[in-house]
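See below for the structure under consideration.
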Amino acid sequence: MTTTESFKTFFAEVLSPLIDKAVSKAFREFSIPSNQEEKNKLMTIQEAAEFLNLAVPTLYTMTSKHTIPYRKRGKKLYFRQLELEEWLESGKKKSVAELDKEASEYIAKKELGNGK
């Protein structure tokens, strides 16, 4: 057996599994959380205020009026980024083009329903 063949055998049987194991372990230990995991984690009121670009007192007012999704445990308030994003989207105002399109679709639907 030549030196090259010996090295290939050693690499395939010994080194390669060790490298694979080390790389897998490193990915598990140092992996960056997925975007979905990040959005699902709980945020403090300071983190939520920073995310929403609001002052903390404003956020306290919004929670006391129940206008924003939150959780309360004892005296602490918690927020989920995903819920805050959905809350922001629910307040989206439609553009003139979107309103025109909806109006046209509504009129067309009504005309079809009346047999015109």
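In the structure tokens, chains take the letters A, B, ... in the order shown, each chain's residues start at 1, and ligands count up from 1 in the order shown.
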Identify, on the basis of only C-alpha atoms, every residue whose closest approach to Ala49 of chain A does not exceed 12 Å; exclude the query and any residue fewer than 3 positions from it along the same chain; express the result as a PyMOL selection string.
chain A and resi 43-46+52-63+68+77-81+84
DSSP-assigned helix (DSSP H, G or I) among segment 5-112 of chain A, expressed as a ChimeraX atom specification:
/A:5-30,35-40,45-52,56-64,81-90,96-112
Residues from last step as file, C-alpha atoms, as a PDB file, in the first residue's frame:
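out.pdb written:
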ATOM      1  CA  GLU A   5      -3.469   5.205  -0.280  1.00  0.00           C
ATOM      2  CA  SER A   6      -2.678   4.911   3.434  1.00  0.00           C
ATOM      3  CA  PHE A   7      -3.454   8.586   3.958  1.00  0.00           C
ATOM      4  CA  LYS A   8      -6.738   8.310   2.015  1.00  0.00           C
ATOM      5  CA  THR A   9      -7.776   5.312   4.115  1.00  0.00           C
ATOM      6  CA  PHE A  10      -6.779   7.043   7.366  1.00  0.00           C
ATOM      7  CA  PHE A  11      -8.640  10.199   6.345  1.00  0.00           C
ATOM      8  CA  ALA A  12     -11.780   8.331   5.295  1.00  0.00           C
ATOM      9  CA  GLU A  13     -11.934   6.064   8.342  1.00  0.00           C
ATOM     10  CA  VAL A  14     -10.562   8.264  11.138  1.00  0.00           C
ATOM     11  CA  LEU A  15     -10.300  11.957  10.345  1.00  0.00           C
ATOM     12  CA  SER A  16     -13.454  12.464   8.313  1.00  0.00           C
ATOM     13  CA  PRO A  17     -15.863  11.190  11.031  1.00  0.00           C
ATOM     14  CA  LEU A  18     -14.022  13.262  13.668  1.00  0.00           C
ATOM     15  CA  ILE A  19     -14.257  16.408  11.536  1.00  0.00           C
ATOM     16  CA  ASP A  20     -17.954  15.795  10.823  1.00  0.00           C
ATOM     17  CA  LYS A  21     -18.648  15.323  14.529  1.00  0.00           C
ATOM     18  CA  ALA A  22     -16.734  18.487  15.499  1.00  0.00           C
ATOM     19  CA  VAL A  23     -18.459  20.606  12.852  1.00  0.00           C
ATOM     20  CA  SER A  24     -21.913  19.322  13.845  1.00  0.00           C
ATOM     21  CA  LYS A  25     -21.210  20.083  17.490  1.00  0.00           C
ATOM     22  CA  ALA A  26     -20.012  23.587  16.636  1.00  0.00           C
ATOM     23  CA  PHE A  27     -23.158  24.307  14.614  1.00  0.00           C
ATOM     24  CA  ARG A  28     -25.379  23.096  17.452  1.00  0.00           C
ATOM     25  CA  GLU A  29     -23.584  25.169  20.075  1.00  0.00           C
ATOM     26  CA  PHE A  30     -23.002  28.341  18.105  1.00  0.00           C
ATOM     27  CA  ASN A  35     -35.819  34.124  12.076  1.00  0.00           C
ATOM     28  CA  GLN A  36     -39.013  32.436  13.281  1.00  0.00           C
ATOM     29  CA  GLU A  37     -37.468  31.551  16.650  1.00  0.00           C
ATOM     30  CA  GLU A  38     -36.258  35.123  17.031  1.00  0.00           C
ATOM     31  CA  LYS A  39     -39.703  36.534  16.306  1.00  0.00           C
ATOM     32  CA  ASN A  40     -41.340  34.138  18.762  1.00  0.00           C
ATOM     33  CA  ILE A  45     -41.023  46.431  27.562  1.00  0.00           C
ATOM     34  CA  GLN A  46     -37.723  48.179  26.812  1.00  0.00           C
ATOM     35  CA  GLU A  47     -37.023  45.838  23.871  1.00  0.00           C
ATOM     36  CA  ALA A  48     -40.583  46.230  22.576  1.00  0.00           C
ATOM     37  CA  ALA A  49     -40.390  50.018  22.855  1.00  0.00           C
ATOM     38  CA  GLU A  50     -37.132  49.999  20.897  1.00  0.00           C
ATOM     39  CA  PHE A  51     -38.599  47.637  18.280  1.00  0.00           C
ATOM     40  CA  LEU A  52     -41.687  49.845  17.842  1.00  0.00           C
ATOM     41  CA  VAL A  56     -41.672  53.159  27.299  1.00  0.00           C
ATOM     42  CA  PRO A  57     -44.392  55.335  28.950  1.00  0.00           C
ATOM     43  CA  THR A  58     -46.315  55.314  25.655  1.00  0.00           C
ATOM     44  CA  LEU A  59     -46.158  51.532  25.617  1.00  0.00           C
ATOM     45  CA  TYR A  60     -47.389  51.383  29.224  1.00  0.00           C
ATOM     46  CA  THR A  61     -50.352  53.572  28.226  1.00  0.00           C
ATOM     47  CA  MET A  62     -51.142  51.309  25.277  1.00  0.00           C
ATOM     48  CA  THR A  63     -51.089  48.200  27.471  1.00  0.00           C
ATOM     49  CA  SER A  64     -53.320  49.798  30.093  1.00  0.00           C
ATOM     50  CA  GLN A  81     -42.223  40.364  18.063  1.00  0.00           C
ATOM     51  CA  LEU A  82     -44.454  38.334  15.740  1.00  0.00           C
ATOM     52  CA  GLU A  83     -47.599  39.577  17.505  1.00  0.00           C
ATOM     53  CA  LEU A  84     -46.345  43.154  17.436  1.00  0.00           C
ATOM     54  CA  GLU A  85     -45.673  42.877  13.691  1.00  0.00           C
ATOM     55  CA  GLU A  86     -49.184  41.494  13.143  1.00  0.00           C
ATOM     56  CA  TRP A  87     -50.611  44.305  15.270  1.00  0.00           C
ATOM     57  CA  LEU A  88     -48.728  46.850  13.170  1.00  0.00           C
ATOM     58  CA  GLU A  89     -50.007  45.274   9.943  1.00  0.00           C
ATOM     59  CA  SER A  90     -53.616  45.299  11.206  1.00  0.00           C
ATOM     60  CA  VAL A  96     -56.024  54.943  -3.051  1.00  0.00           C
ATOM     61  CA  ALA A  97     -55.114  52.339  -5.688  1.00  0.00           C
ATOM     62  CA  GLU A  98     -56.077  49.478  -3.340  1.00  0.00           C
ATOM     63  CA  LEU A  99     -59.383  51.172  -2.479  1.00  0.00           C
ATOM     64  CA  ASP A 100     -60.139  51.804  -6.172  1.00  0.00           C
ATOM     65  CA  LYS A 101     -59.413  48.165  -6.995  1.00  0.00           C
ATOM     66  CA  GLU A 102     -61.689  46.938  -4.201  1.00  0.00           C
ATOM     67  CA  ALA A 103     -64.460  49.298  -5.298  1.00  0.00           C
ATOM     68  CA  SER A 104     -64.188  48.121  -8.916  1.00  0.00           C
ATOM     69  CA  GLU A 105     -64.284  44.476  -7.854  1.00  0.00           C
ATOM     70  CA  TYR A 106     -67.297  45.129  -5.623  1.00  0.00           C
ATOM     71  CA  ILE A 107     -69.193  46.899  -8.413  1.00  0.00           C
ATOM     72  CA  ALA A 108     -68.353  44.155 -10.914  1.00  0.00           C
ATOM     73  CA  LYS A 109     -69.523  41.503  -8.459  1.00  0.00           C
ATOM     74  CA  LYS A 110     -72.790  43.354  -7.803  1.00  0.00           C
ATOM     75  CA  GLU A 111     -73.442  43.764 -11.527  1.00  0.00           C
ATOM     76  CA  LEU A 112     -72.897  40.048 -12.133  1.00  0.00           C
TER      77      LEU A 112
END
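For the pair atom CA of Thr67 of chain A and atom CA of Gly91 of chain A, the separation is 11.1 Å.
We find atom CA of Lys76 of chain A and atom CA of Lys41 of chain A to be spaced 15.3 Å apart.
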Got a sec to tell me which of chain A DSSP assigns to strand (DSSP E or B), as a PyMOL selection string?
chain A and resi 42-43+71-73+76-80
